[in-house]
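Colleague: Following this line is structure_24.cif, made up of mmCIF, C-alpha atoms:
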data_final
#
loop_
_atom_site.label_atom_id
_atom_site.label_comp_id
_atom_site.auth_asym_id
_atom_site.auth_seq_id
_atom_site.Cartn_x
_atom_site.Cartn_y
_atom_site.Cartn_z
CA MET J 1 0.00 0.00 0.00
CA PRO J 2 1.47 3.39 -0.96
CA ASN J 3 2.43 5.86 1.71
CA CYS J 4 0.84 9.27 1.37
CA PHE J 5 2.49 12.53 2.44
CA ILE J 6 1.43 16.15 2.58
CA ALA J 7 4.09 18.86 2.27
CA PHE J 8 3.88 22.46 3.42
CA ASP J 9 5.98 25.33 2.08
CA PHE J 10 5.59 27.65 5.06
CA GLY J 11 5.40 31.42 4.74
CA MET J 12 4.12 34.26 6.88
CA LYS J 13 1.49 35.19 4.25
CA ARG J 14 0.95 31.93 2.36
CA VAL J 15 1.54 28.22 2.87
CA GLY J 16 1.95 26.17 -0.30
CA ILE J 17 0.67 22.60 -0.10
CA ALA J 18 1.37 19.45 -2.10
CA VAL J 19 0.42 15.79 -1.74
CA GLY J 20 2.50 12.86 -2.89
CA GLN J 21 3.02 9.14 -2.51
CA SER J 22 5.94 6.80 -2.18
CA ILE J 23 5.37 4.35 -5.05
CA THR J 24 5.95 6.78 -7.91
CA LYS J 25 7.78 9.32 -5.72
CA THR J 26 5.72 12.06 -7.33
CA ALA J 27 3.67 14.89 -5.87
CA THR J 28 0.91 17.20 -6.99
CA PRO J 29 0.56 20.82 -5.93
CA LEU J 30 -2.69 21.56 -4.12
CA GLU J 31 -4.23 24.86 -3.13
CA PHE J 32 -2.32 27.28 -1.00
CA LEU J 33 -3.47 28.75 2.28
CA SER J 34 -3.51 32.44 2.98
CA VAL J 35 -2.26 32.93 6.51
CA LYS J 36 -2.16 35.88 8.86
CA ASP J 37 1.19 36.46 10.54
CA GLY J 38 2.09 32.82 9.96
CA ILE J 39 -1.11 31.45 11.51
CA PRO J 40 -3.09 29.23 9.12
CA ASN J 41 -6.72 28.23 9.16
CA TRP J 42 -6.28 24.95 11.05
CA ASP J 43 -9.73 23.74 9.95
CA ILE J 44 -8.61 23.71 6.31
CA ILE J 45 -5.49 21.74 7.22
CA LYS J 46 -7.67 19.31 9.20
CA GLN J 47 -9.88 18.82 6.13
CA LEU J 48 -6.82 18.07 3.97
CA ILE J 49 -5.56 15.55 6.50
CA GLU J 50 -8.96 13.87 6.70
CA LYS J 51 -9.19 13.71 2.91
CA TRP J 52 -5.67 12.41 2.19
CA GLN J 53 -4.95 10.44 5.39
CA PRO J 54 -1.18 11.07 5.18
CA ASP J 55 1.37 8.86 6.92
CA ALA J 56 3.54 11.90 7.63
CA LEU J 57 3.64 15.64 7.08
CA ILE J 58 6.67 17.34 5.52
CA VAL J 59 7.47 20.95 6.40
CA GLY J 60 10.06 23.04 4.59
CA ILE J 61 12.43 24.93 6.83
CA PRO J 62 13.77 28.13 5.23
CA LEU J 63 17.50 28.59 5.71
CA ASN J 64 20.01 31.05 4.33
CA MET J 65 22.26 29.81 1.53
CA ASP J 66 25.08 29.21 4.03
CA GLY J 67 22.76 26.98 6.10
CA SER J 68 22.25 29.51 8.87
CA GLU J 69 18.81 30.24 10.22
CA GLN J 70 16.80 33.36 9.46
CA ASP J 71 13.87 35.02 11.22
CA ILE J 72 11.25 32.89 9.46
CA THR J 73 13.06 29.65 10.38
CA PHE J 74 11.73 29.85 13.95
CA SER J 75 8.16 30.37 12.69
CA ALA J 76 8.41 27.38 10.33
CA ARG J 77 9.67 25.16 13.17
CA LYS J 78 6.81 26.41 15.36
CA PHE J 79 4.35 25.56 12.57
CA SER J 80 5.76 22.03 12.28
CA ASN J 81 5.48 21.55 16.06
CA ARG J 82 1.89 22.74 16.03
CA LEU J 83 1.04 20.33 13.21
CA TYR J 84 2.24 17.45 15.34
CA GLU J 85 0.51 18.72 18.50
CA ARG J 86 -2.82 19.07 16.70
CA PHE J 87 -2.88 16.00 14.48
CA LYS J 88 -0.45 13.51 16.09
CA ILE J 89 0.96 12.57 12.68
CA PRO J 90 4.74 12.35 12.28
CA VAL J 91 6.21 15.61 10.99
CA LYS J 92 9.49 15.69 9.08
CA THR J 93 11.33 18.93 8.44
CA VAL J 94 13.43 19.48 5.34
CA ASP J 95 15.74 22.13 3.99
CA GLU J 96 13.76 24.08 1.42
CA ARG J 97 16.54 26.25 0.00
CA LEU J 98 16.04 27.13 -3.67
CA THR J 99 12.66 25.40 -4.02
CA THR J 100 10.93 28.70 -4.77
CA VAL J 101 13.54 29.57 -7.40
CA GLU J 102 13.06 26.16 -9.02
CA ALA J 103 9.27 26.48 -8.81
CA ARG J 104 9.36 29.84 -10.60
CA SER J 105 11.59 28.40 -13.31
CA GLN J 106 9.40 25.34 -13.88
CA LEU J 107 6.18 27.35 -13.97
CA PHE J 108 7.64 29.90 -16.37
CA THR J 109 8.98 27.15 -18.65
CA GLU J 110 5.68 25.23 -18.64
CA LYS J 111 3.13 28.05 -18.71
CA GLY J 112 4.84 31.39 -19.19
CA TYR J 113 4.83 34.59 -17.20
CA LYS J 114 1.10 34.48 -16.36
CA ALA J 115 1.64 31.31 -14.30
CA LEU J 116 3.91 33.15 -11.87
CA LYS J 117 1.30 33.86 -9.22
CA LYS J 118 2.50 33.82 -5.63
CA GLY J 119 0.23 31.09 -4.25
CA ILE J 120 0.83 28.83 -7.23
CA ILE J 121 4.59 29.27 -6.79
CA ASP J 122 4.29 28.30 -3.11
CA SER J 123 2.39 25.09 -3.87
CA MET J 124 4.82 24.23 -6.68
CA ALA J 125 7.69 24.74 -4.21
CA ALA J 126 5.93 22.31 -1.84
CA LYS J 127 5.69 19.80 -4.70
CA ILE J 128 9.39 20.11 -5.52
CA MET J 129 10.34 19.81 -1.86
CA LEU J 130 8.14 16.72 -1.38
CA GLU J 131 9.41 14.95 -4.50
CA ASP J 132 12.98 15.54 -3.36
CA TRP J 133 12.12 14.16 0.08
CA LEU J 134 10.37 11.13 -1.46
CA ARG J 135 13.41 10.33 -3.64
CA ASN J 136 15.74 10.49 -0.66
CA ASN J 137 13.63 8.97 2.13
CA THR J 138 11.26 6.33 0.77
#
Could I get this file's structure written as structure tokens?

Modeller:
Amino acid sequence: MPNCFIAFDFGMKRVGIAVGQSITKTATPLEFLSVKDGIPNWDIIKQLIEKWQPDALIVGIPLNMDGSEQDITFSARKFSNRLYERFKIPVKTVDERLTTVEARSQLFTEKGYKALKKGIIDSMAAKIMLEDWLRNNT
């Protein structure tokens, strides 16, 4: 039976979301959440978890290029801790450096400039992050 995973590309204004599975090691971008000061609508996340029944949640941790932490790193870690506290599903954190850059590039290549909308970029970044995690951990 395939393992299902939901990934979150955390941001203070938006959280990109993707779902993927371990057999094909592929993911699909889902909707993004608008958040206020890094606080999401937990009911929407609960609905996603109920729908997809993931085996684990993957949260991108934003780091500087040299690997050092930045202001948002603390908020992303707090978000991952709250996911676990609320849903009691294993939460894995991953380095998300350059996923947004890659997401922009892929979207522009596939669909042109009009595809470069912020929420879509965030969910594509979550997809890229999850597929990388699936290749390296399943």

Colleague: Between atom CA of Asn81 of chain J and atom CA of Ala56 of chain J, what is the distance, to one decimal in Å?

Modeller: 13.0 Å

Colleague: Excluding Asn64 of chain J and any residue of its chain fewer than 3 positions from it, enumerate the residues within 12 Å of it, using all atoms listed in the file, and give them as a PyMOL selection string.

Modeller: chain J and resi 61+67-73+95-98

Colleague: Around the point (12.0, 14.7, 3.1) in the file's coordinates, collect all residues with an atom within 12 Å, using all atoms listed in the file, and return them as JSON, numbers by chain.

Modeller: {"J": [5, 6, 7, 8, 20, 21, 22, 25, 56, 57, 58, 59, 60, 61, 90, 91, 92, 93, 94, 95, 96, 126, 127, 128, 129, 130, 131, 132, 133, 134, 135, 136, 137, 138]}

Colleague: Quick one: write out the picked residues with C-alpha atoms as a short mmCIF file (atom, residue, chain, number, x, y, z; two decimals), in the coordinates of the input?

Modeller:
data_model
loop_
_atom_site.label_atom_id
_atom_site.label_comp_id
_atom_site.auth_asym_id
_atom_site.auth_seq_id
_atom_site.Cartn_x
_atom_site.Cartn_y
_atom_site.Cartn_z
CA PHE J 5 2.49 12.53 2.44
CA ILE J 6 1.43 16.15 2.58
CA ALA J 7 4.09 18.86 2.27
CA PHE J 8 3.88 22.46 3.42
CA GLY J 20 2.50 12.86 -2.89
CA GLN J 21 3.02 9.14 -2.51
CA SER J 22 5.94 6.80 -2.18
CA LYS J 25 7.78 9.32 -5.72
CA ALA J 56 3.54 11.90 7.63
CA LEU J 57 3.64 15.64 7.08
CA ILE J 58 6.67 17.34 5.52
CA VAL J 59 7.47 20.95 6.40
CA GLY J 60 10.06 23.04 4.59
CA ILE J 61 12.43 24.93 6.83
CA PRO J 90 4.74 12.35 12.28
CA VAL J 91 6.21 15.61 10.99
CA LYS J 92 9.49 15.69 9.08
CA THR J 93 11.33 18.93 8.44
CA VAL J 94 13.43 19.48 5.34
CA ASP J 95 15.74 22.13 3.99
CA GLU J 96 13.76 24.08 1.42
CA ALA J 126 5.93 22.31 -1.84
CA LYS J 127 5.69 19.80 -4.70
CA ILE J 128 9.39 20.11 -5.52
CA MET J 129 10.34 19.81 -1.86
CA LEU J 130 8.14 16.72 -1.38
CA GLU J 131 9.41 14.95 -4.50
CA ASP J 132 12.98 15.54 -3.36
CA TRP J 133 12.12 14.16 0.08
CA LEU J 134 10.37 11.13 -1.46
CA ARG J 135 13.41 10.33 -3.64
CA ASN J 136 15.74 10.49 -0.66
CA ASN J 137 13.63 8.97 2.13
CA THR J 138 11.26 6.33 0.77
#

Colleague: Neighbouring residues of Leu48 of chain J were defined as those with any atom within 10 Å, considering only C-alpha atoms; residues of the same chain fewer than 6 positions away were excluded. Please report them as number ranges by chain.

Modeller: J: 6, 17, 19, 30, 42, 54

Colleague: Save the residues we just selected, C-alpha atoms, as a PDB file, in the coordinates of the input?

Modeller:
ATOM      1  CA  ILE J   6       1.430  16.150   2.580  1.00  0.00           C
ATOM      2  CA  ILE J  17       0.670  22.600  -0.100  1.00  0.00           C
ATOM      3  CA  VAL J  19       0.420  15.790  -1.740  1.00  0.00           C
ATOM      4  CA  LEU J  30      -2.690  21.560  -4.120  1.00  0.00           C
ATOM      5  CA  TRP J  42      -6.280  24.950  11.050  1.00  0.00           C
ATOM      6  CA  PRO J  54      -1.180  11.070   5.180  1.00  0.00           C
TER       7      PRO J  54
END

Colleague: Any chance you could resolve the PyMOL selection byres ((chain J and resi 36) around 10) against this file and give the residues as a list in words?

Modeller: Gly11, Met12, Lys13, Arg14, Leu33, Ser34, Val35, Asp37, Gly38, Ile39, Pro40 and Asn41 of chain J

Colleague: Interatomic distance between atom CA of Ile45 of chain J and atom CA of Asn3 of chain J?

Modeller: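 If I compute the distance from atom CA of Ile45 of chain J to atom CA of Asn3 of chain J, I get 18.6 Å.
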